[in-house]
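Have a look at query-v8.tsv; it's TSV, C-alpha atoms:
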```tsv
chain	number	residue	atom	x	y	z
A	1	MET	CA	-123.66	39.13	-121.62
A	2	SER	CA	-125.51	38.32	-118.40
A	3	SER	CA	-124.98	39.76	-114.93
A	4	THR	CA	-124.59	37.03	-112.29
A	5	PRO	CA	-122.99	38.60	-109.19
A	6	LEU	CA	-124.48	35.93	-106.88
A	7	GLN	CA	-123.03	33.00	-108.81
A	8	GLY	CA	-121.85	30.33	-106.35
A	9	ILE	CA	-124.50	31.13	-103.71
A	10	LYS	CA	-126.73	28.10	-103.08
A	11	VAL	CA	-130.33	28.58	-101.95
A	12	LEU	CA	-133.05	26.21	-100.71
A	13	GLU	CA	-136.44	27.82	-101.28
A	14	PHE	CA	-139.49	26.55	-99.33
A	15	THR	CA	-142.10	28.87	-100.83
A	16	HIS	CA	-145.43	29.25	-102.56
A	17	ALA	CA	-147.60	32.00	-104.08
A	18	VAL	CA	-145.74	35.33	-104.54
A	19	MET	CA	-143.76	36.78	-101.62
A	20	GLY	CA	-141.29	33.93	-101.13
A	21	PRO	CA	-140.92	33.02	-104.80
A	22	CYS	CA	-140.29	36.70	-105.57
A	23	ALA	CA	-137.35	36.84	-103.15
A	24	GLY	CA	-136.05	33.59	-104.65
A	25	LEU	CA	-136.49	34.92	-108.19
A	26	MET	CA	-134.30	37.90	-107.44
A	27	LEU	CA	-131.59	35.64	-106.03
A	28	ALA	CA	-131.88	33.31	-109.03
A	29	ASP	CA	-131.87	36.10	-111.60
A	30	MET	CA	-128.70	37.48	-110.04
A	31	GLY	CA	-126.98	34.12	-110.52
A	32	ALA	CA	-127.64	32.16	-107.31
A	33	ASP	CA	-128.33	28.43	-107.61
A	34	VAL	CA	-131.91	28.32	-106.28
A	35	VAL	CA	-133.66	25.00	-105.59
A	36	HIS	CA	-137.43	25.29	-105.22
A	37	ILE	CA	-138.63	22.66	-102.75
A	38	GLU	CA	-142.09	21.32	-103.48
A	39	PRO	CA	-144.14	18.26	-102.50
A	40	PRO	CA	-144.28	15.25	-104.84
A	41	HIS	CA	-147.67	16.41	-106.14
A	42	GLY	CA	-146.20	19.84	-106.88
A	43	ASP	CA	-146.41	23.38	-105.51
A	44	SER	CA	-150.12	24.27	-105.25
A	45	THR	CA	-149.32	27.61	-106.91
A	46	ARG	CA	-148.94	25.71	-110.19
A	47	ARG	CA	-152.69	25.01	-110.16
A	48	LEU	CA	-154.05	28.45	-109.24
A	49	LYS	CA	-156.66	29.97	-111.53
A	50	GLY	CA	-157.94	33.50	-112.06
A	51	PHE	CA	-155.45	36.20	-111.08
A	52	GLY	CA	-153.14	33.50	-109.72
A	53	THR	CA	-152.71	31.84	-113.11
A	54	GLY	CA	-149.39	33.57	-113.82
A	55	TYR	CA	-147.79	33.39	-110.36
A	56	PHE	CA	-145.75	30.21	-110.75
A	57	TRP	CA	-144.67	30.92	-114.31
A	58	PHE	CA	-143.37	34.40	-113.59
A	59	TYR	CA	-141.70	33.89	-110.21
A	60	ASN	CA	-139.95	30.56	-110.77
A	61	ARG	CA	-137.66	30.96	-113.76
A	62	ASN	CA	-133.94	30.27	-113.25
A	63	LYS	CA	-134.77	27.78	-110.47
A	64	LYS	CA	-134.49	24.04	-110.07
A	65	SER	CA	-137.25	21.83	-108.65
A	66	LEU	CA	-136.66	19.26	-105.90
A	67	ALA	CA	-139.86	17.33	-105.18
A	68	VAL	CA	-139.68	15.75	-101.72
A	69	ASN	CA	-142.13	14.58	-99.07
A	70	LEU	CA	-141.30	16.70	-96.03
A	71	LYS	CA	-143.78	14.75	-93.92
A	72	SER	CA	-141.45	11.75	-94.08
A	73	GLU	CA	-138.37	11.35	-91.87
A	74	GLU	CA	-136.30	10.42	-94.91
A	75	GLY	CA	-137.39	13.56	-96.76
A	76	VAL	CA	-136.50	15.82	-93.86
A	77	GLN	CA	-133.14	14.08	-93.53
A	78	LEU	CA	-132.40	14.88	-97.18
A	79	ILE	CA	-132.99	18.55	-96.39
A	80	TYR	CA	-130.70	18.35	-93.35
A	81	ASP	CA	-127.95	16.94	-95.56
A	82	LEU	CA	-128.45	19.67	-98.16
A	83	VAL	CA	-128.54	22.46	-95.58
A	84	LYS	CA	-125.00	21.60	-94.58
A	85	GLU	CA	-123.88	22.49	-98.12
A	86	TYR	CA	-126.11	25.50	-98.82
A	87	ASP	CA	-125.84	29.22	-98.05
A	88	VAL	CA	-129.44	30.41	-97.78
A	89	VAL	CA	-132.89	29.11	-96.85
A	90	VAL	CA	-135.95	31.12	-97.89
A	91	GLU	CA	-139.44	30.24	-96.61
A	92	ASN	CA	-142.85	31.91	-96.58
A	93	PHE	CA	-145.19	29.35	-95.04
A	94	GLY	CA	-147.64	30.06	-92.22
A	95	PRO	CA	-146.40	30.77	-88.67
A	96	GLY	CA	-144.94	27.63	-87.08
A	97	THR	CA	-145.09	25.45	-90.22
A	98	MET	CA	-141.34	25.11	-90.73
A	99	GLU	CA	-140.82	24.46	-87.02
A	100	ARG	CA	-143.41	21.66	-87.06
A	101	LEU	CA	-141.55	20.07	-89.96
A	102	GLY	CA	-138.28	20.26	-88.03
A	103	LEU	CA	-136.96	22.86	-90.46
A	104	GLY	CA	-137.05	26.04	-88.37
A	105	TYR	CA	-134.04	28.31	-88.01
A	106	GLU	CA	-133.08	27.12	-84.53
A	107	LYS	CA	-132.72	23.55	-85.84
A	108	LEU	CA	-131.04	24.32	-89.17
A	109	LYS	CA	-128.45	26.71	-87.74
A	110	THR	CA	-127.04	23.80	-85.68
A	111	LEU	CA	-126.25	22.05	-88.98
A	112	ASN	CA	-124.56	25.01	-90.64
A	113	LYS	CA	-123.38	28.09	-88.72
A	114	ARG	CA	-122.91	29.97	-92.02
A	115	LEU	CA	-126.57	29.49	-92.98
A	116	ILE	CA	-128.66	32.59	-93.70
A	117	TYR	CA	-132.33	31.87	-93.01
A	118	CYS	CA	-134.90	34.28	-94.50
A	119	SER	CA	-138.43	34.00	-93.17
A	120	LEU	CA	-141.17	35.91	-95.00
A	121	LYS	CA	-144.35	36.29	-92.97
A	122	GLY	CA	-147.50	38.32	-92.52
A	123	PHE	CA	-146.15	40.25	-89.51
A	124	LEU	CA	-142.85	40.92	-87.78
A	125	SER	CA	-142.44	40.28	-84.03
A	126	GLY	CA	-145.36	41.65	-82.03
A	127	PRO	CA	-148.98	40.98	-81.06
A	128	TYR	CA	-150.00	39.97	-84.60
A	129	GLU	CA	-147.08	37.70	-85.49
A	130	GLN	CA	-149.04	34.44	-85.24
A	131	ARG	CA	-151.75	35.68	-87.58
A	132	HIS	CA	-151.96	34.53	-91.16
A	133	ALA	CA	-151.97	37.33	-93.70
A	134	MET	CA	-152.13	37.87	-97.43
A	135	ASP	CA	-151.38	40.80	-99.68
A	136	GLU	CA	-154.97	42.03	-99.78
A	137	VAL	CA	-155.41	41.63	-96.01
A	138	VAL	CA	-152.56	43.99	-95.22
A	139	GLN	CA	-153.50	46.43	-97.98
A	140	MET	CA	-156.79	46.80	-96.14
A	141	MET	CA	-155.36	47.07	-92.61
A	142	GLY	CA	-152.29	49.07	-93.64
A	143	GLY	CA	-154.11	51.98	-95.25
A	144	LEU	CA	-153.15	51.26	-98.86
A	145	ALA	CA	-156.64	50.15	-99.94
A	146	TYR	CA	-158.13	53.29	-98.34
A	147	MET	CA	-155.65	55.51	-100.21
A	148	THR	CA	-156.19	53.72	-103.54
A	149	GLY	CA	-160.00	53.64	-103.63
A	150	ARG	CA	-162.54	56.39	-103.77
A	151	GLU	CA	-164.09	57.82	-100.62
A	152	GLY	CA	-165.90	55.00	-98.80
A	153	ASP	CA	-164.77	52.39	-101.34
A	154	PRO	CA	-161.39	50.86	-100.35
A	155	LEU	CA	-159.65	49.21	-103.29
A	156	ARG	CA	-156.60	46.97	-103.41
A	157	ALA	CA	-153.80	47.87	-105.81
A	158	GLY	CA	-153.90	46.16	-109.20
A	159	THR	CA	-150.94	43.86	-108.59
A	160	SER	CA	-149.45	41.98	-105.61
A	161	VAL	CA	-147.55	45.10	-104.62
A	162	ILE	CA	-147.05	44.17	-100.94
A	163	ASP	CA	-146.05	40.57	-101.65
A	164	ILE	CA	-143.54	41.79	-104.23
A	165	THR	CA	-142.14	44.60	-102.07
A	166	GLY	CA	-141.97	42.30	-99.02
A	167	GLY	CA	-140.04	39.81	-101.14
A	168	MET	CA	-137.70	42.61	-102.18
A	169	PHE	CA	-137.04	43.51	-98.54
A	170	GLY	CA	-136.30	39.82	-97.90
A	171	TYR	CA	-133.82	39.88	-100.78
A	172	ILE	CA	-132.19	43.03	-99.39
A	173	GLY	CA	-131.92	41.38	-95.96
A	174	ILE	CA	-130.25	38.31	-97.48
A	175	LEU	CA	-127.71	40.51	-99.28
A	176	GLN	CA	-126.95	42.30	-95.99
A	177	ALA	CA	-126.47	38.96	-94.25
A	178	LEU	CA	-124.19	37.70	-97.02
A	179	TYR	CA	-122.09	40.85	-96.70
A	180	GLU	CA	-121.86	40.50	-92.91
A	181	ARG	CA	-120.98	36.82	-93.24
A	182	GLU	CA	-117.93	37.79	-95.26
A	183	LYS	CA	-116.66	39.59	-92.14
A	184	THR	CA	-117.84	37.28	-89.37
A	185	GLY	CA	-118.05	33.85	-91.00
A	186	GLU	CA	-121.52	33.35	-89.52
A	187	GLY	CA	-124.98	33.42	-90.99
A	188	GLY	CA	-128.14	34.66	-89.29
A	189	PHE	CA	-131.88	35.06	-89.29
A	190	VAL	CA	-133.63	37.56	-91.60
A	191	LYS	CA	-137.33	38.32	-91.46
A	192	SER	CA	-139.54	40.42	-93.70
A	193	ALA	CA	-143.31	40.81	-93.37
A	194	LEU	CA	-146.30	42.03	-95.32
A	195	PHE	CA	-147.88	44.36	-92.75
A	196	GLU	CA	-144.70	46.23	-91.88
A	197	THR	CA	-143.92	46.49	-95.61
A	198	CYS	CA	-147.31	48.11	-96.18
A	199	ALA	CA	-146.75	50.44	-93.22
A	200	PHE	CA	-143.40	51.48	-94.71
A	201	LEU	CA	-145.14	52.37	-97.98
A	202	MET	CA	-147.64	54.40	-95.97
A	203	GLY	CA	-144.85	56.31	-94.21
A	204	GLN	CA	-145.15	59.38	-96.43
A	205	HIS	CA	-148.87	59.59	-95.67
A	206	MET	CA	-148.28	59.09	-91.94
A	207	ALA	CA	-145.84	62.01	-92.03
A	208	TYR	CA	-148.45	64.01	-93.95
A	209	ALA	CA	-151.08	63.17	-91.29
A	210	SER	CA	-148.83	64.51	-88.56
A	211	GLN	CA	-148.78	67.93	-90.22
A	212	ILE	CA	-152.52	68.49	-90.77
A	213	ASP	CA	-155.70	68.79	-88.68
A	214	TYR	CA	-158.02	66.93	-91.05
A	215	LYS	CA	-158.30	63.36	-92.33
A	216	ILE	CA	-156.10	62.46	-95.28
A	217	PRO	CA	-158.29	62.03	-98.38
A	218	PRO	CA	-157.76	58.96	-100.60
A	219	MET	CA	-155.83	59.53	-103.82
A	220	PRO	CA	-158.89	60.04	-106.09
A	221	SER	CA	-160.13	62.83	-103.77
A	222	ARG	CA	-156.82	64.54	-103.11
A	223	VAL	CA	-155.87	68.05	-104.09
A	224	SER	CA	-152.74	67.39	-106.09
A	225	ALA	CA	-149.59	69.38	-105.49
A	226	TRP	CA	-149.59	69.90	-109.26
A	227	SER	CA	-152.17	71.94	-111.12
A	228	ILE	CA	-152.26	69.48	-114.06
A	229	TYR	CA	-151.82	65.87	-113.03
A	230	LYS	CA	-154.71	63.82	-114.34
A	231	VAL	CA	-156.25	61.55	-116.96
A	232	PHE	CA	-157.83	63.24	-119.97
A	233	ASP	CA	-160.41	61.96	-122.45
A	234	THR	CA	-159.40	62.12	-126.11
A	235	LYS	CA	-161.26	62.91	-129.32
A	236	ASP	CA	-161.19	59.23	-130.33
A	237	ASP	CA	-162.70	57.99	-127.02
A	238	ASP	CA	-159.42	56.95	-125.42
A	239	LYS	CA	-157.52	58.34	-122.45
A	240	VAL	CA	-154.09	59.87	-121.77
A	241	PHE	CA	-152.45	60.99	-118.53
A	242	ILE	CA	-150.60	64.32	-118.51
A	243	GLY	CA	-148.53	65.67	-115.62
A	244	ILE	CA	-147.22	69.24	-115.51
A	245	ILE	CA	-144.80	69.56	-112.58
A	246	SER	CA	-142.75	72.64	-113.46
A	247	GLU	CA	-143.23	76.05	-115.05
A	248	LYS	CA	-141.08	74.88	-117.97
A	249	HIS	CA	-143.58	72.08	-118.57
A	250	TRP	CA	-146.43	74.62	-118.54
A	251	GLU	CA	-144.66	76.82	-121.08
A	252	ARG	CA	-144.01	73.82	-123.32
A	253	LEU	CA	-147.60	72.60	-122.99
A	254	CYS	CA	-148.93	75.96	-124.15
A	255	ASP	CA	-146.38	75.98	-126.97
A	256	VAL	CA	-146.97	72.51	-128.43
A	257	PHE	CA	-150.77	72.82	-128.16
A	258	GLU	CA	-150.66	76.42	-129.44
A	259	TRP	CA	-152.49	77.90	-126.44
A	260	LYS	CA	-151.01	81.39	-126.69
A	261	ASP	CA	-153.91	82.92	-124.75
A	262	TRP	CA	-153.12	80.77	-121.71
A	263	ALA	CA	-149.38	81.33	-122.04
A	264	ASN	CA	-150.06	85.06	-121.55
A	265	ASP	CA	-152.86	84.72	-118.95
A	266	LEU	CA	-151.57	86.13	-115.64
A	267	ARG	CA	-154.17	84.09	-113.74
A	268	LEU	CA	-152.31	80.92	-114.84
A	269	GLY	CA	-148.76	82.18	-114.50
A	270	THR	CA	-147.66	79.78	-111.76
A	271	ASN	CA	-148.54	76.29	-110.56
A	272	ASN	CA	-150.20	77.62	-107.39
A	273	LYS	CA	-152.22	80.17	-109.35
A	274	ARG	CA	-153.47	77.42	-111.65
A	275	ILE	CA	-154.51	75.41	-108.57
A	276	ASP	CA	-156.42	78.45	-107.28
A	277	GLU	CA	-158.21	78.73	-110.65
A	278	ARG	CA	-158.90	75.00	-110.97
A	279	ARG	CA	-162.74	75.36	-110.76
A	280	TRP	CA	-162.92	76.92	-114.22
A	281	PHE	CA	-159.47	76.02	-115.48
A	282	LEU	CA	-159.63	72.20	-115.28
A	283	PRO	CA	-163.02	71.83	-117.07
A	284	GLU	CA	-161.76	74.14	-119.81
A	285	LEU	CA	-158.50	72.18	-120.03
A	286	ASP	CA	-160.49	68.94	-120.34
A	287	ALA	CA	-162.44	70.42	-123.25
A	288	ARG	CA	-159.32	71.66	-125.02
A	289	VAL	CA	-157.43	68.37	-124.72
A	290	LYS	CA	-160.47	66.44	-125.97
A	291	GLN	CA	-160.14	68.21	-129.34
A	292	PHE	CA	-157.13	65.95	-130.05
A	293	THR	CA	-156.80	62.21	-130.64
A	294	LYS	CA	-154.68	60.01	-128.40
A	295	THR	CA	-151.95	59.82	-131.05
A	296	GLU	CA	-151.91	63.59	-131.48
A	297	ILE	CA	-151.70	64.23	-127.75
A	298	ILE	CA	-148.84	61.77	-127.31
A	299	ALA	CA	-146.93	63.26	-130.25
A	300	ARG	CA	-147.28	66.81	-128.94
A	301	CYS	CA	-146.36	65.89	-125.35
A	302	ASP	CA	-143.39	63.89	-126.57
A	303	LYS	CA	-142.23	66.81	-128.71
A	304	GLY	CA	-142.50	69.16	-125.72
A	305	HIS	CA	-140.73	66.77	-123.30
A	306	ILE	CA	-143.85	66.83	-121.12
A	307	PRO	CA	-144.63	63.89	-118.79
A	308	PHE	CA	-147.43	61.80	-120.30
A	309	ALA	CA	-148.67	58.23	-120.43
A	310	PRO	CA	-151.16	56.20	-122.43
A	311	ILE	CA	-153.50	54.13	-120.23
A	312	SER	CA	-152.16	50.66	-120.97
A	313	ARG	CA	-153.41	47.18	-120.16
A	314	PRO	CA	-151.00	44.42	-119.05
A	315	GLU	CA	-151.14	42.75	-122.47
A	316	ASP	CA	-150.05	46.00	-124.13
A	317	LEU	CA	-146.62	45.59	-122.53
A	318	PHE	CA	-145.78	42.60	-124.75
A	319	ASP	CA	-145.34	45.00	-127.69
A	320	ASP	CA	-144.01	48.04	-125.85
A	321	PRO	CA	-141.05	49.50	-127.81
A	322	GLN	CA	-139.08	50.47	-124.69
A	323	LEU	CA	-139.34	46.99	-123.18
A	324	ASN	CA	-138.56	45.22	-126.45
A	325	GLU	CA	-135.86	47.45	-127.92
A	326	GLY	CA	-134.42	48.13	-124.45
A	327	ASN	CA	-133.81	44.40	-123.81
A	328	SER	CA	-136.18	44.28	-120.83
A	329	LEU	CA	-138.16	41.17	-121.79
A	330	LEU	CA	-137.02	37.56	-121.98
A	331	ASP	CA	-138.61	34.45	-123.49
A	332	VAL	CA	-140.07	32.04	-120.93
A	333	LYS	CA	-141.54	28.64	-121.74
A	334	MET	CA	-144.87	28.10	-120.02
A	335	ASP	CA	-146.30	24.79	-118.83
A	336	ASN	CA	-148.31	24.39	-122.05
A	337	GLY	CA	-145.20	24.89	-124.18
A	338	LYS	CA	-146.07	28.44	-125.19
A	339	ILE	CA	-143.16	30.90	-125.28
A	340	VAL	CA	-144.05	34.20	-123.59
A	341	LYS	CA	-142.07	37.43	-123.20
A	342	LEU	CA	-141.90	38.40	-119.51
A	343	PRO	CA	-140.09	41.23	-117.69
A	344	LYS	CA	-136.47	40.87	-116.64
A	345	PHE	CA	-135.03	41.94	-113.29
A	346	PRO	CA	-135.42	45.75	-113.65
A	347	LEU	CA	-131.77	46.65	-113.15
A	348	GLU	CA	-128.74	47.37	-115.29
A	349	TYR	CA	-125.63	46.14	-113.51
A	350	LYS	CA	-122.21	46.96	-114.96
A	351	GLY	CA	-123.83	47.47	-118.33
A	352	THR	CA	-125.46	44.03	-118.35
A	353	ARG	CA	-128.97	42.65	-117.92
A	354	VAL	CA	-130.28	39.41	-116.46
A	355	GLU	CA	-130.81	36.55	-118.90
A	356	LYS	CA	-132.76	33.32	-118.54
A	357	ARG	CA	-130.79	30.22	-117.62
A	358	LEU	CA	-133.73	27.96	-116.81
A	359	ASP	CA	-137.42	27.95	-117.65
A	360	PRO	CA	-139.86	27.44	-114.74
A	361	PRO	CA	-139.23	23.79	-113.80
A	362	LYS	CA	-141.49	20.79	-114.09
A	363	ILE	CA	-142.32	19.04	-110.80
A	364	GLY	CA	-139.16	17.29	-109.60
A	365	GLU	CA	-137.27	18.13	-112.77
A	366	HIS	CA	-133.97	18.48	-110.91
A	367	THR	CA	-134.54	16.08	-108.01
A	368	SER	CA	-131.93	13.56	-109.16
A	369	GLU	CA	-129.43	16.28	-110.05
A	370	VAL	CA	-129.69	17.93	-106.63
A	371	LEU	CA	-129.51	14.66	-104.67
A	372	LYS	CA	-126.44	13.54	-106.58
A	373	GLU	CA	-124.67	16.53	-105.02
A	374	LEU	CA	-124.91	14.44	-101.85
A	375	ASN	CA	-123.36	11.44	-103.65
A	376	ILE	CA	-126.64	9.52	-103.44
A	377	SER	CA	-126.61	6.60	-105.88
A	378	ASP	CA	-129.10	5.97	-108.68
A	379	GLU	CA	-130.27	2.86	-106.83
A	380	ALA	CA	-130.99	4.84	-103.65
A	381	ILE	CA	-132.81	7.50	-105.65
A	382	ALA	CA	-134.94	4.84	-107.37
A	383	LYS	CA	-135.80	3.34	-103.98
A	384	MET	CA	-136.90	6.72	-102.60
A	385	ILE	CA	-139.05	7.27	-105.68
A	386	SER	CA	-140.77	3.92	-105.19
A	387	GLU	CA	-141.42	4.75	-101.52
A	388	GLY	CA	-142.96	8.15	-102.38
A	389	ILE	CA	-140.23	10.12	-100.59
A	390	ILE	CA	-139.20	12.02	-103.73
A	391	LYS	CA	-140.43	12.54	-107.27
A	392	THR	CA	-138.48	13.05	-110.44
A	393	GLU	CA	-139.80	14.49	-113.67
```
Encoded form (structure tokens):
Amino acid sequence: MSSTPLQGIKVLEFTHAVMGPCAGLMLADMGADVVHIEPPHGDSTRRLKGFGTGYFWFYNRNKKSLAVNLKSEEGVQLIYDLVKEYDVVVENFGPGTMERLGLGYEKLKTLNKRLIYCSLKGFLSGPYEQRHAMDEVVQMMGGLAYMTGREGDPLRAGTSVIDITGGMFGYIGILQALYEREKTGEGGFVKSALFETCAFLMGQHMAYASQIDYKIPPMPSRVSAWSIYKVFDTKDDDKVFIGIISEKHWERLCDVFEWKDWANDLRLGTNNKRIDERRWFLPELDARVKQFTKTEIIARCDKGHIPFAPISRPEDLFDDPQLNEGNSLLDVKMDNGKIVKLPKFPLEYKGTRVEKRLDPPKIGEHTSEVLKELNISDEAIAKMISEGIIKTE
């Protein structure tokens, strides 16, 4: 059984890369009818290489593709006609792009007063709002890269964390607007942005900074609030993270590893005492843990209900028991025909999980289907194809 609470909501998505498609993916996974608008030659995200190789194929399932030339008057008119019938527009192009195309909020709201228009940008209103930005740009200027890297070596996070979170805030804003529309009958403008998203994630560190008289150290240099909260080397040259965040955890750690001497050592009796003794305690702990293999450490921590984690690579997740047996992966057909297991929307809703309705679409795969909603004839569609206004699969 699939959870589709947004069934019946119709969305036009003018997006590329990650932030916009992520917001659209969440709407689509929750049952909305999302139409991804792309040019006749296709969304450029389809052709990205390197770390961008997976963007299109992860963020565009459960969507339809309408390939249309928005630089033509006829193409823009098709969008105007569709907007009258749709609930939501999502866009994440550069500042002013949608306005230049005649597809900005001020224009589209005159066609449909119930329209909810979500704009996903680099910056909210303010001095920077006309700047272009990307995930890595705002990680650098928002303090995240500083906090992630080592001292003097800022480092971006290992995934598009700001794009994804900014898309999530866009999704939340759309849900708020849909709820308000139920009461007022009117839509509205929603805006989410990368920089302010990054600042929000930095809020806990900003609050920390207000309480101290020294510079906040980046995460690798911090003094943890927990005496044991680190990665350990194993006997078989692997690594495991262990986190001890309560005295119960400490007691269980000493029990499952049979460290009776430490269990009775008054110098280590509390978390704060262990922090005070960290100069000798942590090197000795490293040496003790390294006497065990990765498998042995995991088994003992699991037995003691102690927080732990193997150091996994992305490809390890394909075979993860929790994701597979917990119904958190779904089969997605890639452009080359390969079937790949990818993560579902990470939410259980009324005991159900999201399922796949559509694979990521081919360019213009649903162009004819979408235009026929406007009662456009096959002959008219064929004419627009020949004139380069639209493209079908």
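The space between CA of Asp87 in chain A and CA of Glu373 in chain A spans 14.5 Å.
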Could you check the closest approach to Thr352 in chain A for each of A:Ser312, A:Thr234, A:Thr392, A:Ser328 and tell me which residue wins, using only C-alpha atoms?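 Under the stated criterion, the closest residue is A:Ser328.
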Could you tell me which of A:Leu108, A:Leu347, A:Val190, A:Ala299 comes closest to Ile172 in chain A if we count only C-alpha atoms?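 Of all the options, A:Val190 lies closest to Ile172 in chain A.
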Just checking: using all atoms listed in the file, which residue out of A:Leu101, A:Met168, A:Leu115, A:Leu82 ends up closest to Met26 in chain A?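 Checking each of A:Leu101, A:Met168, A:Leu115, A:Leu82 against Met26 in chain A, counting all atoms listed in the file, the winner is A:Met168.
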Between CA of Ser227 in chain A and CA of Lys273 in chain A, measure the distance and give it in Å to one decimal.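 Computing it gives 8.4 Å between the two atoms.
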Given only C-alpha atoms as the basis, pick out the residue of A:His36, A:Lys362, A:Lys260, A:Lys71 nearest to Lys333 in chain A.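 Looking at the shortest contact to Lys333 in chain A, the residue is A:Lys362.
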Show me, as a list of chain:residue names, the residues that have an atom within 8 Å of Leu25 in chain A when counting all atoms listed in the file, minus same-chain residues fewer than 5 positions from it. A:Tyr59, A:Asn60, A:Arg61, A:Asn62, A:Lys63
Given only C-alpha atoms as the basis, pick out the residue of A:Phe123, A:Glu186, A:Thr197, A:Arg131 nearest to Leu144 in chain A.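 Nearest candidate to Leu144 in chain A out of A:Phe123, A:Glu186, A:Thr197, A:Arg131: A:Thr197.
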Since fewer atoms than expected are present, regenerate N, CA and C atoms for range 87-104 of chain A and write them as a tab-separated table (two decimals), in the frame of the given file.
```tsv
chain	number	residue	atom	x	y	z
A	87	ASP	N	-126.10	27.91	-98.67
A	87	ASP	CA	-125.84	29.22	-98.05
A	87	ASP	C	-127.09	29.87	-97.46
A	88	VAL	N	-128.24	29.66	-98.13
A	88	VAL	CA	-129.44	30.41	-97.78
A	88	VAL	C	-130.66	29.49	-97.80
A	89	VAL	N	-131.55	29.70	-96.83
A	89	VAL	CA	-132.89	29.11	-96.85
A	89	VAL	C	-133.89	30.26	-96.91
A	90	VAL	N	-134.87	30.15	-97.81
A	90	VAL	CA	-135.95	31.12	-97.89
A	90	VAL	C	-137.26	30.37	-97.68
A	91	GLU	N	-138.14	30.90	-96.81
A	91	GLU	CA	-139.44	30.24	-96.61
A	91	GLU	C	-140.51	31.29	-96.36
A	92	ASN	N	-141.74	30.99	-96.82
A	92	ASN	CA	-142.85	31.91	-96.58
A	92	ASN	C	-144.14	31.16	-96.24
A	93	PHE	N	-144.00	30.07	-95.47
A	93	PHE	CA	-145.19	29.35	-95.04
A	93	PHE	C	-145.77	29.97	-93.77
A	94	GLY	N	-146.95	29.50	-93.37
A	94	GLY	CA	-147.64	30.06	-92.22
A	94	GLY	C	-146.83	29.97	-90.95
A	95	PRO	N	-147.14	30.78	-89.94
A	95	PRO	CA	-146.40	30.77	-88.67
A	95	PRO	C	-146.34	29.37	-88.07
A	96	GLY	N	-145.13	28.92	-87.75
A	96	GLY	CA	-144.94	27.63	-87.08
A	96	GLY	C	-144.82	26.44	-88.01
A	97	THR	N	-145.10	26.60	-89.30
A	97	THR	CA	-145.09	25.45	-90.22
A	97	THR	C	-143.70	24.83	-90.32
A	98	MET	N	-142.69	25.65	-90.57
A	98	MET	CA	-141.34	25.11	-90.73
A	98	MET	C	-140.84	24.48	-89.44
A	99	GLU	N	-141.22	25.04	-88.31
A	99	GLU	CA	-140.82	24.46	-87.02
A	99	GLU	C	-141.46	23.09	-86.83
A	100	ARG	N	-142.73	22.96	-87.19
A	100	ARG	CA	-143.41	21.66	-87.06
A	100	ARG	C	-142.78	20.59	-87.94
A	101	LEU	N	-142.22	21.01	-89.05
A	101	LEU	CA	-141.55	20.07	-89.96
A	101	LEU	C	-140.13	19.75	-89.50
A	102	GLY	N	-139.67	20.44	-88.46
A	102	GLY	CA	-138.28	20.26	-88.03
A	102	GLY	C	-137.30	21.05	-88.86
A	103	LEU	N	-137.80	22.10	-89.54
A	103	LEU	CA	-136.96	22.86	-90.46
A	103	LEU	C	-136.89	24.35	-90.10
A	104	GLY	N	-137.16	24.67	-88.83
A	104	GLY	CA	-137.05	26.04	-88.37
A	104	GLY	C	-135.60	26.48	-88.25
```
